[in-house]
>>> print(open('start_1.txt').read())   # compact mmCIF, C-alpha atoms and all ligand atoms
# COMPACT_ATOMS: atom_id res chain seq x y z
CA MET A 24 150.26 23.29 133.53
CA ASP A 25 152.00 24.13 130.25
CA LYS A 26 151.16 22.46 126.95
CA ASN A 27 154.29 20.28 126.92
CA SER A 28 153.76 18.76 130.30
CA ASN A 29 150.10 18.31 129.48
CA ASN A 30 151.10 16.40 126.35
CA LYS A 31 153.50 14.21 128.29
CA ARG A 32 150.89 13.51 130.89
CA ARG A 33 148.50 12.40 128.19
CA ASP A 34 151.14 10.29 126.47
CA PHE A 35 151.80 8.36 129.61
CA LEU A 36 148.24 8.11 130.74
CA GLN A 37 147.51 4.52 131.48
CA LEU A 38 144.10 3.11 131.12
CA SER A 39 142.85 -0.14 132.44
CA THR A 40 141.71 -2.92 130.24
CA ILE A 41 139.98 -6.05 131.25
CA SER A 42 140.73 -9.09 129.17
CA ILE A 43 138.14 -11.75 129.13
CA GLY A 44 139.80 -15.08 128.78
CA ALA A 45 141.44 -15.66 132.15
CA LEU A 46 141.83 -19.29 133.03
CA GLY A 47 138.92 -19.29 135.46
CA THR A 48 136.56 -17.78 132.94
CA ALA A 49 137.71 -20.20 130.27
CA ALA A 50 137.17 -23.19 132.55
CA PHE A 51 133.74 -21.93 133.53
CA ILE A 52 132.43 -21.46 130.02
CA TRP A 53 134.20 -24.39 128.39
CA PRO A 54 131.24 -26.83 128.60
CA PHE A 55 129.11 -24.31 126.79
CA LEU A 56 131.74 -23.59 124.18
CA SER A 57 132.75 -27.15 123.58
CA SER A 58 129.81 -27.57 121.25
CA MET A 59 131.02 -24.74 119.04
CA ASN A 60 133.61 -24.92 116.33
CA PRO A 61 137.18 -23.69 117.04
CA ALA A 62 136.71 -20.35 115.33
CA GLU A 63 133.79 -19.52 117.60
CA ASP A 64 135.78 -20.58 120.66
CA THR A 65 138.56 -18.22 119.71
CA LEU A 66 136.14 -15.43 119.01
CA ALA A 67 134.34 -15.80 122.33
CA LEU A 68 137.54 -15.80 124.37
CA GLY A 69 139.31 -13.11 122.40
CA THR A 70 137.45 -10.08 123.64
CA THR A 71 138.85 -7.07 125.44
CA GLU A 72 136.85 -4.42 127.26
CA VAL A 73 138.36 -0.96 127.35
CA ASP A 74 137.43 1.94 129.61
CA ILE A 75 137.58 4.99 127.34
CA SER A 76 136.30 7.52 129.89
CA SER A 77 139.74 9.10 130.47
CA ILE A 78 140.69 9.60 126.83
CA ALA A 79 140.68 13.30 125.98
CA GLU A 80 139.84 14.70 122.55
CA GLY A 81 142.90 14.38 120.32
CA GLN A 82 144.37 11.58 122.42
CA SER A 83 145.00 7.96 121.45
CA ILE A 84 145.64 4.86 123.46
CA THR A 85 146.92 1.44 122.44
CA VAL A 86 145.47 -1.76 123.84
CA LYS A 87 146.30 -5.34 123.03
CA TRP A 88 143.73 -7.59 121.39
CA ARG A 89 144.57 -11.11 120.29
CA GLY A 90 148.25 -10.22 120.42
CA LYS A 91 147.86 -7.20 118.17
CA PRO A 92 147.97 -3.49 119.01
CA VAL A 93 144.62 -1.77 118.67
CA PHE A 94 144.59 2.00 118.36
CA ILE A 95 141.68 3.86 119.94
CA ARG A 96 141.60 7.53 119.08
CA LYS A 97 139.17 10.22 120.20
CA ARG A 98 139.27 12.43 117.15
CA THR A 99 139.12 16.19 117.17
CA LYS A 100 136.49 18.03 115.12
CA GLU A 101 139.19 18.99 112.63
CA GLU A 102 140.30 15.38 112.22
CA ILE A 103 136.73 14.26 111.66
CA GLU A 104 136.23 16.97 109.04
CA GLU A 105 139.50 16.04 107.30
CA ALA A 106 138.40 12.40 107.16
CA LYS A 107 134.93 13.21 105.83
CA GLU A 108 135.81 15.76 103.19
CA VAL A 109 138.10 13.42 101.19
CA ASP A 110 136.78 12.12 97.87
CA PHE A 111 137.11 8.50 98.86
CA THR A 112 136.83 7.25 95.26
CA ASP A 113 140.34 8.58 94.65
CA LEU A 114 141.86 6.61 97.49
CA ILE A 115 144.21 3.61 97.18
CA ASP A 116 141.74 1.53 99.22
CA PRO A 117 138.46 3.41 98.74
CA GLU A 118 136.40 3.53 101.92
CA GLN A 119 134.21 6.25 103.33
CA ASP A 120 134.97 7.45 106.83
CA ILE A 121 131.38 6.78 107.86
CA ASP A 122 131.87 3.09 107.08
CA ARG A 123 134.90 2.92 109.38
CA VAL A 124 133.40 4.32 112.58
CA LYS A 125 130.40 3.69 114.84
CA LYS A 126 130.59 7.14 116.45
CA GLU A 127 132.49 9.68 114.48
CA GLU A 128 134.66 10.91 117.34
CA TRP A 129 135.93 7.39 118.06
CA LEU A 130 138.26 5.64 115.64
CA VAL A 131 139.26 2.04 116.43
CA LEU A 132 141.96 0.42 114.30
CA ILE A 133 144.28 -2.54 114.26
CA GLY A 134 147.63 -0.79 114.51
CA VAL A 135 149.59 -2.94 112.10
CA CYS A 136 150.80 -1.50 108.80
CA THR A 137 149.27 -3.36 105.89
CA HIS A 138 152.56 -3.37 103.98
CA LEU A 139 154.84 -5.64 106.02
CA GLY A 140 153.41 -5.40 109.51
CA CYS A 141 155.26 -2.64 111.36
CA VAL A 142 153.40 -0.66 114.02
CA PRO A 143 152.88 2.87 112.65
CA LEU A 144 153.73 6.02 114.59
CA GLY A 145 151.03 8.50 115.53
CA GLN A 146 149.74 7.37 118.88
CA LYS A 147 151.70 9.89 120.93
CA LEU A 148 150.96 13.58 120.52
CA THR A 149 154.66 14.09 119.81
CA ASP A 150 154.84 11.40 117.10
CA ASN A 151 155.30 12.03 113.40
CA LYS A 152 151.76 11.53 112.06
CA GLY A 153 152.72 11.64 108.40
CA GLU A 154 151.51 13.87 105.61
CA TYR A 155 147.84 13.20 106.28
CA ASN A 156 147.86 13.81 110.03
CA GLY A 157 146.96 10.24 111.00
CA TRP A 158 149.70 7.63 111.30
CA TYR A 159 153.06 7.19 109.65
CA CYS A 160 154.88 3.91 109.15
CA PRO A 161 158.60 4.67 109.04
CA CYS A 162 159.58 1.18 107.88
CA HIS A 163 158.99 2.04 104.22
CA GLY A 164 157.10 5.33 104.37
CA SER A 165 153.36 4.67 104.42
CA HIS A 166 151.11 7.57 105.36
CA TYR A 167 147.62 7.01 106.82
CA ASP A 168 144.98 9.67 107.27
CA THR A 169 142.69 10.57 110.19
CA SER A 170 140.44 7.65 109.27
CA GLY A 171 143.39 5.22 109.15
CA ARG A 172 143.18 5.02 105.36
CA ILE A 173 146.34 4.53 103.31
CA ARG A 174 147.08 7.71 101.36
CA LYS A 175 150.72 7.40 100.29
CA GLY A 176 153.45 4.76 100.32
CA PRO A 177 153.66 1.02 99.65
CA ALA A 178 150.93 -0.22 102.00
CA PRO A 179 148.08 -1.64 99.88
CA ASN A 180 145.21 -1.34 102.35
CA ASN A 181 143.73 0.83 105.06
CA LEU A 182 144.43 0.01 108.70
CA PRO A 183 141.72 -2.57 109.45
CA VAL A 184 138.83 -1.84 111.80
CA PRO A 185 138.44 -4.74 114.26
CA PRO A 186 135.00 -5.95 115.33
CA TYR A 187 133.94 -3.88 118.31
CA SER A 188 130.89 -2.47 120.04
CA PHE A 189 130.03 0.15 122.61
CA LEU A 190 128.80 -1.53 125.79
CA ASN A 191 127.90 1.91 127.14
CA GLU A 192 129.10 5.51 126.77
CA THR A 193 132.49 4.75 128.34
CA THR A 194 133.27 1.14 127.49
CA ILE A 195 134.22 -0.47 124.20
CA LYS A 196 134.33 -4.21 123.74
CA ILE A 197 136.79 -5.31 121.08
CA GLY A 198 136.20 -8.72 119.56
S1 LIG A 201 155.74 -2.07 106.92
FE1 LIG A 201 154.81 -0.10 106.92
S2 LIG A 201 155.53 0.80 105.11
FE2 LIG A 201 156.41 -1.17 105.08
>>> encode(input="start_1.txt", output="structure tokens", more="lines below")
Ligand code: FES
Amino acid sequence: MDKNSNNKRRDFLQLSTISIGALGTAAFIWPFLSSMNPAEDTLALGTTEVDISSIAEGQSITVKWRGKPVFIRKRTKEEIEEAKEVDFTDLIDPEQDIDRVKKEEWLVLIGVCTHLGCVPLGQKLTDNKGEYNGWYCPCHGSHYDTSGRIRKGPAPNNLPVPPYSFLNETTIKIG
């Protein structure tokens, strides 16, 4: 298989997600949750489990969590090195890469530009990833790096990292 068709295959790879929050589940756990405050209700129901076993190095997928796109990227060694070697104190929104990941090959981000809310490009292998090889928001020209940190353009903040955890080696729970 040539590189192009391999890229396309990866771009269109579909992965299954399981959203917790179906009506039956909600009805079942409601008596337990009814004693909590609304924020905790929302939190408990707003989780998404994602099977990451099919994501190849260098590939990204987008899943939906609480109505927002979440980017999950399995970073290459080069991308990890790029993210780590930056002097973070010089950044617009100074954050170390190590504080933005739980395992360095996996980057999980809310895929909403922090300027005015567009969804940045960079998820497909064929996308423009901007000047810092991460994501590029074409709405007004914000460039994010391989840690999802804002490096150039009008966006004031890094792409946020949602709450998430690894349930096992191949499953991430977001929320
Ligand atoms: S919304 Fe992304 S740069 Fe303006």
>>> atom_distance(input="start_1.txt", atom1="atom CA of Gly153 of chain A", atom2="atom CA of Lys125 of chain A")
24.6 Å
>>> residues_near_ligand(input="start_1.txt", ligand="ligand LIG 201 (chain A)", cutoff="7 Å", atoms="only C-alpha atoms and all ligand atoms", output="list of chain:residue names")
A:Cys136, A:Thr137, A:His138, A:Leu139, A:Gly140, A:Cys141, A:Pro143, A:Cys160, A:Pro161, A:Cys162, A:His163, A:Gly164, A:Ser165, A:Gly176, A:Pro177, A:Ala178
>>> closest_residue(input="start_1.txt", among="A:Thr193, A:Asn156, A:Ser188, A:Asn151", to="Glu102 of chain A", atoms="all atoms listed in the file")
A:Asn156
>>> closest_residue(input="start_1.txt", among="A:Val73, A:Leu144, A:Ile78, A:Ile121", to="Glu104 of chain A", atoms="only C-alpha atoms")
A:Ile121
>>> atom_distance(input="start_1.txt", atom1="atom CA of Ile84 of chain A", atom2="atom CA of Asp122 of chain A")
21.5 Å
>>> closest_residue(input="start_1.txt", among="A:Arg174, A:Arg123, A:Lys97, A:Lys87", to="Val135 of chain A", atoms="only C-alpha atoms")
A:Lys87
>>> residues_near_point(input="start_1.txt", point="(136.1, 3.3, 114.1)", cutoff="12 Å", atoms="all atoms listed in the file", output="number ranges by chain")
A: 93-98, 103, 106, 119-133, 169-172, 182-189, 195, 197
>>> closest_residue(input="start_1.txt", among="A:Ser76, A:Thr149, A:Asn180, A:Gln82", to="Tyr167 of chain A", atoms="only C-alpha atoms")
A:Asn180
>>> atom_distance(input="start_1.txt", atom1="atom CA of Glu108 of chain A", atom2="atom CA of Lys175 of chain A")
17.3 Å
>>> residues_around(input="start_1.txt", residues="Gly145 of chain A", least_positions_apart="5", cutoff="7 Å", atoms="only C-alpha atoms", output="list of chain:residue names")
A:Asp150, A:Asn151, A:Lys152, A:Gly157, A:Trp158, A:Tyr159
